[in-house]
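S.K.: This one is protein-v8.csv, CSV, N, CA, C and O atoms.
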chain,number,residue,atom,x,y,z
A,190,MET,N,62.0,70.8,101.5
A,190,MET,CA,61.7,72.1,100.7
A,190,MET,C,62.3,73.2,101.6
A,190,MET,O,61.9,73.4,102.7
A,191,SER,N,63.1,74.0,101.0
A,191,SER,CA,63.7,75.2,101.6
A,191,SER,C,62.7,76.4,101.6
A,191,SER,O,62.0,76.6,100.6
A,192,THR,N,62.8,77.2,102.6
A,192,THR,CA,61.9,78.4,102.6
A,192,THR,C,62.5,79.4,101.6
A,192,THR,O,61.8,80.4,101.3
A,193,SER,N,63.7,79.2,101.1
A,193,SER,CA,64.3,80.2,100.2
A,193,SER,C,64.1,79.8,98.7
A,193,SER,O,64.5,80.5,97.8
A,194,GLU,N,63.4,78.7,98.5
A,194,GLU,CA,63.1,78.3,97.1
A,194,GLU,C,62.1,79.3,96.5
A,194,GLU,O,61.2,79.8,97.1
A,195,ARG,N,62.4,79.7,95.2
A,195,ARG,CA,61.6,80.6,94.5
A,195,ARG,C,60.2,80.1,94.3
A,195,ARG,O,60.0,78.9,94.0
A,196,ARG,N,59.2,81.0,94.4
A,196,ARG,CA,57.8,80.6,94.2
A,196,ARG,C,57.2,81.7,93.3
A,196,ARG,O,57.5,82.8,93.3
A,197,TYR,N,56.2,81.2,92.6
A,197,TYR,CA,55.3,82.0,91.8
A,197,TYR,C,54.0,82.1,92.6
A,197,TYR,O,53.6,81.1,93.2
A,198,THR,N,53.5,83.3,92.7
A,198,THR,CA,52.2,83.5,93.4
A,198,THR,C,51.1,84.0,92.4
A,198,THR,O,51.3,85.0,91.8
A,199,LEU,N,50.1,83.2,92.3
A,199,LEU,CA,49.0,83.5,91.5
A,199,LEU,C,47.9,84.1,92.4
A,199,LEU,O,47.5,83.4,93.4
A,200,SER,N,47.4,85.3,92.1
A,200,SER,CA,46.3,85.9,92.8
A,200,SER,C,45.2,86.2,91.8
A,200,SER,O,45.5,86.8,90.7
A,201,LEU,N,44.0,85.9,92.1
A,201,LEU,CA,42.9,86.2,91.1
A,201,LEU,C,41.6,86.4,91.8
A,201,LEU,O,41.4,86.0,93.0
A,202,SER,N,40.7,87.1,91.1
A,202,SER,CA,39.3,87.2,91.4
A,202,SER,C,38.5,87.1,90.1
A,202,SER,O,39.0,87.5,89.1
A,203,CYS,N,37.3,86.6,90.2
A,203,CYS,CA,36.4,86.5,89.1
A,203,CYS,C,35.0,86.2,89.5
A,203,CYS,O,34.8,86.0,90.7
A,204,PRO,N,34.1,86.3,88.6
A,204,PRO,CA,32.7,85.9,88.9
A,204,PRO,C,32.7,84.5,89.4
A,204,PRO,O,33.4,83.6,88.9
A,205,ASP,N,32.0,84.3,90.5
A,205,ASP,CA,31.9,82.9,91.1
A,205,ASP,C,31.1,82.0,90.2
A,205,ASP,O,30.1,82.3,89.7
A,206,ARG,N,31.7,80.8,90.0
A,206,ARG,CA,31.0,79.7,89.3
A,206,ARG,C,31.7,78.4,89.6
A,206,ARG,O,32.8,78.3,90.1
A,207,VAL,N,31.0,77.3,89.2
A,207,VAL,CA,31.6,76.0,89.4
A,207,VAL,C,32.8,75.8,88.5
A,207,VAL,O,32.8,76.2,87.3
A,208,GLY,N,33.8,75.1,89.0
A,208,GLY,CA,34.9,74.7,88.1
A,208,GLY,C,36.2,75.5,88.2
A,208,GLY,O,37.2,75.1,87.6
A,209,ILE,N,36.2,76.6,89.0
A,209,ILE,CA,37.4,77.4,89.0
A,209,ILE,C,38.6,76.7,89.7
A,209,ILE,O,39.7,76.7,89.1
A,210,VAL,N,38.3,76.2,90.9
A,210,VAL,CA,39.4,75.5,91.6
A,210,VAL,C,40.0,74.3,90.8
A,210,VAL,O,41.2,74.2,90.7
A,211,THR,N,39.1,73.6,90.2
A,211,THR,CA,39.5,72.4,89.3
A,211,THR,C,40.4,72.9,88.2
A,211,THR,O,41.4,72.3,87.9
A,212,ALA,N,39.9,73.9,87.5
A,212,ALA,CA,40.7,74.4,86.3
A,212,ALA,C,42.1,74.9,86.7
A,212,ALA,O,43.0,74.5,86.0
A,213,VAL,N,42.2,75.7,87.7
A,213,VAL,CA,43.5,76.2,88.1
A,213,VAL,C,44.4,75.1,88.6
A,213,VAL,O,45.5,75.0,88.2
A,214,SER,N,43.9,74.2,89.5
A,214,SER,CA,44.7,73.1,90.1
A,214,SER,C,45.1,72.1,89.0
A,214,SER,O,46.2,71.7,89.0
A,215,SER,N,44.2,71.9,88.1
A,215,SER,CA,44.5,70.9,87.0
A,215,SER,C,45.5,71.5,86.0
A,215,SER,O,46.4,70.8,85.5
A,216,PHE,N,45.5,72.8,85.8
A,216,PHE,CA,46.5,73.5,85.0
A,216,PHE,C,47.9,73.2,85.6
A,216,PHE,O,48.8,72.8,84.9
A,217,PHE,N,48.0,73.5,86.9
A,217,PHE,CA,49.3,73.4,87.5
A,217,PHE,C,49.8,71.9,87.6
A,217,PHE,O,50.9,71.5,87.3
A,218,SER,N,48.8,71.0,88.0
A,218,SER,CA,49.2,69.6,88.1
A,218,SER,C,49.5,69.0,86.7
A,218,SER,O,50.4,68.2,86.6
A,219,GLY,N,48.9,69.5,85.7
A,219,GLY,CA,49.2,69.1,84.3
A,219,GLY,C,50.6,69.4,83.8
A,219,GLY,O,51.1,68.8,82.9
A,220,HIS,N,51.1,70.4,84.5
A,220,HIS,CA,52.5,70.8,84.1
A,220,HIS,C,53.5,70.5,85.2
A,220,HIS,O,54.6,71.0,85.3
A,221,GLN,N,53.1,69.5,86.1
A,221,GLN,CA,53.9,69.1,87.2
A,221,GLN,C,54.2,70.2,88.3
A,221,GLN,O,55.2,70.1,89.0
A,222,GLY,N,53.4,71.2,88.3
A,222,GLY,CA,53.6,72.3,89.2
A,222,GLY,C,53.3,71.9,90.7
A,222,GLY,O,52.3,71.2,90.9
A,223,TRP,N,54.1,72.2,91.6
A,223,TRP,CA,54.0,71.9,93.0
A,223,TRP,C,53.4,73.0,93.7
A,223,TRP,O,54.0,74.0,94.0
A,224,ILE,N,52.1,72.9,94.1
A,224,ILE,CA,51.4,73.9,94.8
A,224,ILE,C,51.8,73.8,96.3
A,224,ILE,O,51.5,72.8,96.9
A,225,THR,N,52.4,74.8,96.8
A,225,THR,CA,52.8,74.8,98.2
A,225,THR,C,51.8,75.5,99.2
A,225,THR,O,51.9,75.2,100.4
A,226,GLU,N,51.0,76.3,98.6
A,226,GLU,CA,50.0,77.0,99.4
A,226,GLU,C,48.8,77.3,98.5
A,226,GLU,O,49.0,77.7,97.4
A,227,ALA,N,47.6,77.1,99.1
A,227,ALA,CA,46.4,77.4,98.3
A,227,ALA,C,45.3,77.9,99.2
A,227,ALA,O,45.0,77.4,100.3
A,228,ASN,N,44.7,79.0,98.9
A,228,ASN,CA,43.6,79.7,99.6
A,228,ASN,C,42.6,80.1,98.6
A,228,ASN,O,42.9,80.7,97.6
A,229,HIS,N,41.3,80.0,99.0
A,229,HIS,CA,40.3,80.5,98.1
A,229,HIS,C,39.0,80.7,99.0
A,229,HIS,O,38.8,80.0,100.0
A,230,HIS,N,38.2,81.6,98.5
A,230,HIS,CA,36.9,81.8,99.1
A,230,HIS,C,36.0,82.5,98.2
A,230,HIS,O,36.4,83.2,97.2
A,231,ALA,N,34.7,82.5,98.4
A,231,ALA,CA,33.7,83.1,97.6
A,231,ALA,C,33.0,84.2,98.5
A,231,ALA,O,32.7,83.9,99.6
A,232,ASP,N,32.7,85.3,97.8
A,232,ASP,CA,31.8,86.3,98.4
A,232,ASP,C,30.4,86.1,97.9
A,232,ASP,O,30.2,86.4,96.7
A,233,VAL,N,29.6,85.4,98.6
A,233,VAL,CA,28.3,85.0,98.1
A,233,VAL,C,27.4,86.2,97.7
A,233,VAL,O,26.8,86.2,96.7
A,234,GLU,N,27.4,87.2,98.6
A,234,GLU,CA,26.6,88.4,98.2
A,234,GLU,C,27.1,89.1,97.0
A,234,GLU,O,26.3,89.5,96.1
A,235,GLY,N,28.4,89.2,96.8
A,235,GLY,CA,29.0,89.9,95.7
A,235,GLY,C,29.2,89.0,94.5
A,235,GLY,O,29.6,89.4,93.4
A,236,GLN,N,29.0,87.7,94.7
A,236,GLN,CA,29.1,86.6,93.7
A,236,GLN,C,30.5,86.7,93.0
A,236,GLN,O,30.7,86.5,91.8
A,237,ARG,N,31.5,86.9,93.9
A,237,ARG,CA,32.9,86.9,93.4
A,237,ARG,C,33.7,85.8,94.1
A,237,ARG,O,33.4,85.4,95.2
A,238,PHE,N,34.7,85.3,93.4
A,238,PHE,CA,35.5,84.2,93.9
A,238,PHE,C,36.9,84.8,93.9
A,238,PHE,O,37.4,85.5,93.0
A,239,PHE,N,37.7,84.4,95.0
A,239,PHE,CA,39.0,84.9,95.2
A,239,PHE,C,39.9,83.7,95.5
A,239,PHE,O,39.6,82.8,96.2
A,240,MET,N,41.1,83.7,94.9
A,240,MET,CA,42.1,82.6,95.0
A,240,MET,C,43.5,83.2,95.1
A,240,MET,O,43.8,84.2,94.4
A,241,ARG,N,44.3,82.5,95.9
A,241,ARG,CA,45.8,82.8,95.9
A,241,ARG,C,46.5,81.4,96.0
A,241,ARG,O,46.1,80.6,96.9
A,242,GLN,N,47.4,81.2,95.1
A,242,GLN,CA,48.2,79.9,95.2
A,242,GLN,C,49.7,80.2,95.0
A,242,GLN,O,50.0,81.1,94.2
A,243,GLU,N,50.5,79.5,95.8
A,243,GLU,CA,51.9,79.6,95.6
A,243,GLU,C,52.4,78.3,95.0
A,243,GLU,O,52.0,77.2,95.4
A,244,ILE,N,53.3,78.4,94.0
A,244,ILE,CA,53.8,77.2,93.2
A,244,ILE,C,55.3,77.3,93.2
A,244,ILE,O,55.9,78.4,93.0
A,245,LEU,N,56.0,76.2,93.5
A,245,LEU,CA,57.4,76.2,93.4
A,245,LEU,C,57.8,76.5,91.9
A,245,LEU,O,57.4,75.8,91.0
A,246,ALA,N,58.6,77.5,91.7
A,246,ALA,CA,59.0,78.0,90.4
A,246,ALA,C,59.7,76.9,89.6
A,246,ALA,O,59.5,76.6,88.5
A,247,ASP,N,60.6,76.2,90.3
A,247,ASP,CA,61.4,75.2,89.6
A,247,ASP,C,60.7,73.9,89.3
A,247,ASP,O,61.2,73.0,88.6
A,248,SER,N,59.5,73.8,89.8
A,248,SER,CA,58.7,72.6,89.5
A,248,SER,C,58.0,72.7,88.2
A,248,SER,O,57.6,71.6,87.6
A,249,LEU,N,58.0,73.9,87.6
A,249,LEU,CA,57.3,74.0,86.3
A,249,LEU,C,58.4,74.0,85.2
A,249,LEU,O,59.5,74.5,85.4
A,250,PRO,N,58.0,73.5,84.0
A,250,PRO,CA,59.0,73.4,82.9
A,250,PRO,C,59.2,74.6,82.1
A,250,PRO,O,59.7,74.6,81.0
A,251,PHE,N,58.8,75.8,82.6
A,251,PHE,CA,58.9,77.0,81.9
A,251,PHE,C,59.0,78.2,82.8
A,251,PHE,O,58.8,78.1,84.0
A,252,ASP,N,59.4,79.4,82.3
A,252,ASP,CA,59.6,80.5,83.1
A,252,ASP,C,58.3,81.3,83.3
A,252,ASP,O,57.3,80.9,82.8
A,253,ILE,N,58.4,82.4,84.1
A,253,ILE,CA,57.2,83.1,84.4
A,253,ILE,C,56.5,83.7,83.2
A,253,ILE,O,55.3,83.8,83.2
A,254,ALA,N,57.2,84.2,82.2
A,254,ALA,CA,56.6,84.7,81.0
A,254,ALA,C,55.7,83.7,80.3
A,254,ALA,O,54.6,83.9,79.9
A,255,ALA,N,56.3,82.5,80.2
A,255,ALA,CA,55.6,81.4,79.5
A,255,ALA,C,54.4,81.0,80.4
A,255,ALA,O,53.3,80.6,79.9
A,256,LEU,N,54.6,81.0,81.7
A,256,LEU,CA,53.5,80.7,82.7
A,256,LEU,C,52.3,81.6,82.4
A,256,LEU,O,51.2,81.2,82.3
A,257,ARG,N,52.6,82.9,82.4
A,257,ARG,CA,51.5,83.9,82.1
A,257,ARG,C,50.8,83.6,80.8
A,257,ARG,O,49.6,83.7,80.7
A,258,GLU,N,51.6,83.3,79.8
A,258,GLU,CA,51.0,83.1,78.5
A,258,GLU,C,50.2,81.8,78.5
A,258,GLU,O,49.1,81.8,77.9
A,259,LYS,N,50.6,80.8,79.1
A,259,LYS,CA,49.9,79.5,79.1
A,259,LYS,C,48.6,79.6,80.0
A,259,LYS,O,47.7,78.9,79.8
A,260,PHE,N,48.7,80.4,81.1
A,260,PHE,CA,47.5,80.5,82.0
A,260,PHE,C,46.5,81.5,81.4
A,260,PHE,O,45.3,81.3,81.8
A,261,ALA,N,46.8,82.4,80.5
A,261,ALA,CA,45.9,83.4,80.0
A,261,ALA,C,44.6,82.8,79.5
A,261,ALA,O,43.5,83.4,79.7
A,262,PRO,N,44.6,81.7,78.7
A,262,PRO,CA,43.3,81.1,78.3
A,262,PRO,C,42.3,80.8,79.4
A,262,PRO,O,41.1,81.0,79.3
A,263,ILE,N,42.8,80.2,80.5
A,263,ILE,CA,42.0,79.9,81.6
A,263,ILE,C,41.4,81.2,82.2
A,263,ILE,O,40.2,81.3,82.6
A,264,ALA,N,42.3,82.2,82.4
A,264,ALA,CA,41.8,83.5,82.9
A,264,ALA,C,40.7,84.1,82.1
A,264,ALA,O,39.7,84.6,82.6
A,265,ARG,N,40.9,84.0,80.8
A,265,ARG,CA,39.8,84.5,79.9
A,265,ARG,C,38.5,83.7,80.0
A,265,ARG,O,37.4,84.3,80.1
A,266,GLU,N,38.6,82.4,80.1
A,266,GLU,CA,37.5,81.6,80.2
A,266,GLU,C,36.6,81.9,81.4
A,266,GLU,O,35.4,81.9,81.3
A,267,PHE,N,37.3,82.3,82.5
A,267,PHE,CA,36.6,82.6,83.8
A,267,PHE,C,36.4,84.1,84.0
A,267,PHE,O,35.9,84.4,85.1
A,268,GLY,N,36.9,84.9,83.1
A,268,GLY,CA,36.8,86.3,83.3
A,268,GLY,C,37.6,86.8,84.5
A,268,GLY,O,37.1,87.7,85.3
A,269,MET,N,38.8,86.3,84.7
A,269,MET,CA,39.6,86.6,85.9
A,269,MET,C,40.3,87.9,85.8
A,269,MET,O,40.8,88.3,84.7
A,270,ASP,N,40.4,88.6,86.9
A,270,ASP,CA,41.4,89.7,87.2
A,270,ASP,C,42.5,88.9,87.9
A,270,ASP,O,42.3,88.4,89.0
A,271,TRP,N,43.7,88.9,87.3
A,271,TRP,CA,44.7,88.0,87.9
A,271,TRP,C,46.1,88.6,87.7
A,271,TRP,O,46.3,89.5,86.8
A,272,LYS,N,47.0,88.1,88.5
A,272,LYS,CA,48.5,88.4,88.3
A,272,LYS,C,49.3,87.2,88.9
A,272,LYS,O,48.8,86.5,89.7
A,273,ILE,N,50.5,87.1,88.3
A,273,ILE,CA,51.4,86.1,88.8
A,273,ILE,C,52.7,86.8,89.1
A,273,ILE,O,53.2,87.5,88.2
A,274,SER,N,53.1,86.7,90.3
A,274,SER,CA,54.4,87.4,90.7
A,274,SER,C,55.4,86.3,91.1
A,274,SER,O,55.1,85.2,91.3
A,275,ASP,N,56.7,86.8,91.1
A,275,ASP,CA,57.8,85.9,91.4
A,275,ASP,C,58.4,86.3,92.7
A,275,ASP,O,58.7,87.5,92.9
A,276,SER,N,58.7,85.4,93.5
A,276,SER,CA,59.2,85.7,94.9
A,276,SER,C,60.6,86.3,94.7
A,276,SER,O,61.1,87.0,95.6
Produce structure tokens that represent the structure in this file.

M.R.:
Amino acid sequence: MSTSERRYTLSLSCPDRVGIVTAVSSFFSGHQGWITEANHHADVEGQRFFMRQEILADSLPFDIAALREKFAPIAREFGMDWKISDS
């Protein structure tokens, strides 16, 4: 894997609850997305969950616009504040 390969970066925060990591990871693996970096943590006092994932752009069968469209239902389900950027 080259360091110059394009990556999409998903950054999000939402109310903390069970199932967020599974939903996001399953979304990408279900589309053959190759997660190259994953970080997440919860703020117990603020009851917020934070995540950042990098995915190889070429591992997904669609472009960034379609990725945003396809990810939106998960974001709505979990009440996420989110963005996906392109390297």

S.K.: Can you tell me how far atom O of Gly208 (chain A) sits from CA of Arg237 (chain A), in Å to one decimal?

M.R.: 13.8 Å

S.K.: Considering all atoms listed in the file, can you say which of A:Gln236, A:Ser276, A:Ser248, A:Gln242 comes closest to Ser200 (chain A)?

M.R.: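 Of the candidates, the smallest distance to Ser200 (chain A) is held by A:Gln242.
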
S.K.: Just asking: which residues within chain A are helix (DSSP H, G or I) according to DSSP, as a list in words?

M.R.: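 Here is the list: Ile209, Val210, Thr211, Ala212, Val213, Ser214, Ser215, Phe216, Phe217, Ser218, Gly219, Ala246, Asp247, Ser248, Ile253, Ala254, Ala255, Leu256, Arg257, Glu258, Lys259, Phe260, Ala261, Pro262, Ile263, Ala264, Arg265, Glu266 and Phe267 of chain A.
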
S.K.: Could you write out, as a ChimeraX atom specification, all the residues of region 190-272 of chain A that DSSP marks as strand (DSSP E or B)?

M.R.: /A:196-204,224-232,237-245,270-272

S.K.: Please list as an MDAnalysis selection string every residue within 5 Å of Leu199 (chain A), counting only N, CA, C and O atoms and excluding residues in the same chain fewer than 3 positions away.

M.R.: chainID A and resid 240:242 272:273

S.K.: Select, from A:Pro204, A:Tyr197, A:Ala212, A:Ala264, the residue with the minimum atom-to-atom distance to Ile224 (chain A), counting all atoms listed in the file.

M.R.: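 Checking each candidate against Ile224 (chain A), we get A:Tyr197 as the closest.
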
S.K.: Distance CA of Lys259 (chain A)-CA of Val233 (chain A), one decimal place?

M.R.: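 So the two atoms, CA of Lys259 (chain A) and CA of Val233 (chain A), lie 29.3 Å apart.
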
S.K.: Find the residues near Phe238 (chain A): any atom within 9 Å, counting only C-alpha atoms, skip ones fewer than 3 places away on the same chain, and give them as a list in words.

M.R.: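 In the requested form, the answer reads Leu201, Ser202, Cys203, Pro204, Asp205, Arg206, Ile209, His229, His230, Ala231, Asp232, Val233 and Gly235 of chain A.
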
S.K.: Between A:Val213, A:Glu266, A:Gly219, A:Thr225, single out the one closest to Leu245 (chain A), counting all atoms listed in the file.

M.R.: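 Smallest separation from Leu245 (chain A) among the options: A:Thr225.
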
S.K.: Quick one: everything within 7 Å of Arg196 (chain A), counting only N, CA, C and O atoms, minus sequence neighbours fewer than 3 positions away in the same chain. Send it as a list of chain:residue names.

M.R.: A:Ser193, A:Glu243, A:Ile244, A:Leu245, A:Ala246, A:Asp247, A:Ser274, A:Asp275, A:Ser276

S.K.: Could you tell me how far atom N of Ile263 (chain A) lies from atom N of Phe216 (chain A), in Å and to one decimal?

M.R.: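 Going from atom N of Ile263 (chain A) over to atom N of Phe216 (chain A) covers 9.5 Å.
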